[in-house]
Amino acid sequence: MESKKIVKVRFNTNYKEDDGSKEWRVIINGVEHFCNHVTINCPSKTSKDFIEGVGNKWHISCKPNQIDYIKDEKITDNTATLFKEIILS
């Protein structure tokens, strides 16, 4: 049986509306993804997490059974970490 993924969601403080960047950082088992929208359909909680070299960051954390990635049609370079939406169920 595959272990559940640990997901942490936080606002992207580098977001700028006019440069095409994404509003949300979604960290899945330590790998960072960016998206415009996050839908959380599973139990979740807030957490304060210490990140080495950065300090404390506050997240919405969950362990979804399924993660769906909705592609952003505007992105043509097949960047694997940029999405229109990530759905956590």
# chains A, B, ... in the order shown; residues from 1 in each chain; ligands from 1
>>> residues_around(residues="segment 72-74 of chain A", least_positions_apart="4", cutoff="12 Å", atoms="only C-alpha atoms", output="list in words")
Gly20, Ser21, Lys22, Phe34, Cys35, Asn36, His37, Asn78, Thr79, Ala80, Thr81, Leu82, Phe83, Lys84, Glu85 and Ile86 of chain A
>>> atom_distance(atom1="atom CA of Glu32 of chain A", atom2="atom CA of Gln66 of chain A")
16.9 Å
>>> atom_distance(atom1="atom CA of Asn12 of chain A", atom2="atom CA of Trp24 of chain A")
5.0 Å
>>> select_by_dssp(residues="chain A", states="strand (DSSP E)", output="VMD selection string")
chain A and resid 7 to 11 24 to 28 31 to 40 44 to 51 55 to 62 67 to 70 82 to 88
>>> write_last_selection(atoms="C-alpha atoms", output="PDB file, in the first residue's frame")
ATOM      1  CA  VAL A   7       0.797  18.326   1.347  1.00  0.00           C
ATOM      2  CA  LYS A   8       1.370  21.870   2.589  1.00  0.00           C
ATOM      3  CA  VAL A   9      -0.306  24.879   0.936  1.00  0.00           C
ATOM      4  CA  ARG A  10       0.715  28.513   1.396  1.00  0.00           C
ATOM      5  CA  PHE A  11       0.380  31.807  -0.431  1.00  0.00           C
ATOM      6  CA  TRP A  24      -0.291  29.361  -4.409  1.00  0.00           C
ATOM      7  CA  ARG A  25       2.647  27.163  -3.456  1.00  0.00           C
ATOM      8  CA  VAL A  26       1.659  23.532  -3.015  1.00  0.00           C
ATOM      9  CA  ILE A  27       4.445  21.457  -1.472  1.00  0.00           C
ATOM     10  CA  ILE A  28       3.887  17.728  -2.034  1.00  0.00           C
ATOM     11  CA  VAL A  31       8.452  19.141  -3.986  1.00  0.00           C
ATOM     12  CA  GLU A  32       7.083  22.608  -4.705  1.00  0.00           C
ATOM     13  CA  HIS A  33       4.356  23.208  -7.309  1.00  0.00           C
ATOM     14  CA  PHE A  34       2.601  26.473  -8.182  1.00  0.00           C
ATOM     15  CA  CYS A  35      -1.031  27.045  -9.165  1.00  0.00           C
ATOM     16  CA  ASN A  36      -3.808  29.636  -9.378  1.00  0.00           C
ATOM     17  CA  HIS A  37      -6.396  27.651  -7.393  1.00  0.00           C
ATOM     18  CA  VAL A  38      -6.334  24.944  -4.724  1.00  0.00           C
ATOM     19  CA  THR A  39      -9.362  22.850  -3.809  1.00  0.00           C
ATOM     20  CA  ILE A  40      -9.098  20.841  -0.585  1.00  0.00           C
ATOM     21  CA  SER A  44      -6.913  19.617   6.780  1.00  0.00           C
ATOM     22  CA  LYS A  45      -5.395  21.772   9.500  1.00  0.00           C
ATOM     23  CA  THR A  46      -3.165  24.788   9.835  1.00  0.00           C
ATOM     24  CA  SER A  47       0.462  24.310  10.782  1.00  0.00           C
ATOM     25  CA  LYS A  48       3.526  26.413  11.551  1.00  0.00           C
ATOM     26  CA  ASP A  49       6.586  24.787  10.004  1.00  0.00           C
ATOM     27  CA  PHE A  50      10.246  25.747  10.321  1.00  0.00           C
ATOM     28  CA  ILE A  51      12.070  25.804   6.985  1.00  0.00           C
ATOM     29  CA  GLY A  55      12.355  30.482   9.197  1.00  0.00           C
ATOM     30  CA  ASN A  56       8.752  29.822  10.157  1.00  0.00           C
ATOM     31  CA  LYS A  57       6.072  29.509   7.480  1.00  0.00           C
ATOM     32  CA  TRP A  58       2.358  28.911   7.995  1.00  0.00           C
ATOM     33  CA  HIS A  59       0.524  26.313   5.918  1.00  0.00           C
ATOM     34  CA  ILE A  60      -2.740  24.536   5.413  1.00  0.00           C
ATOM     35  CA  SER A  61      -1.621  20.911   5.721  1.00  0.00           C
ATOM     36  CA  CYS A  62      -3.337  17.684   4.695  1.00  0.00           C
ATOM     37  CA  ILE A  67      -4.205  14.640  -6.126  1.00  0.00           C
ATOM     38  CA  ASP A  68      -5.494  15.933  -9.453  1.00  0.00           C
ATOM     39  CA  TYR A  69      -3.480  18.428 -11.486  1.00  0.00           C
ATOM     40  CA  ILE A  70      -5.406  20.688 -13.871  1.00  0.00           C
ATOM     41  CA  LEU A  82       2.928  25.098 -12.929  1.00  0.00           C
ATOM     42  CA  PHE A  83      -0.815  24.380 -12.963  1.00  0.00           C
ATOM     43  CA  LYS A  84      -4.171  26.118 -13.224  1.00  0.00           C
ATOM     44  CA  GLU A  85      -5.544  24.154 -10.250  1.00  0.00           C
ATOM     45  CA  ILE A  86      -4.558  21.374  -7.863  1.00  0.00           C
ATOM     46  CA  ILE A  87      -7.374  19.355  -6.279  1.00  0.00           C
ATOM     47  CA  LEU A  88      -6.633  17.490  -3.048  1.00  0.00           C
TER      48      LEU A  88
END
>>> atom_distance(atom1="atom CA of Gly53 of chain A", atom2="atom CA of Asp18 of chain A")
28.6 Å
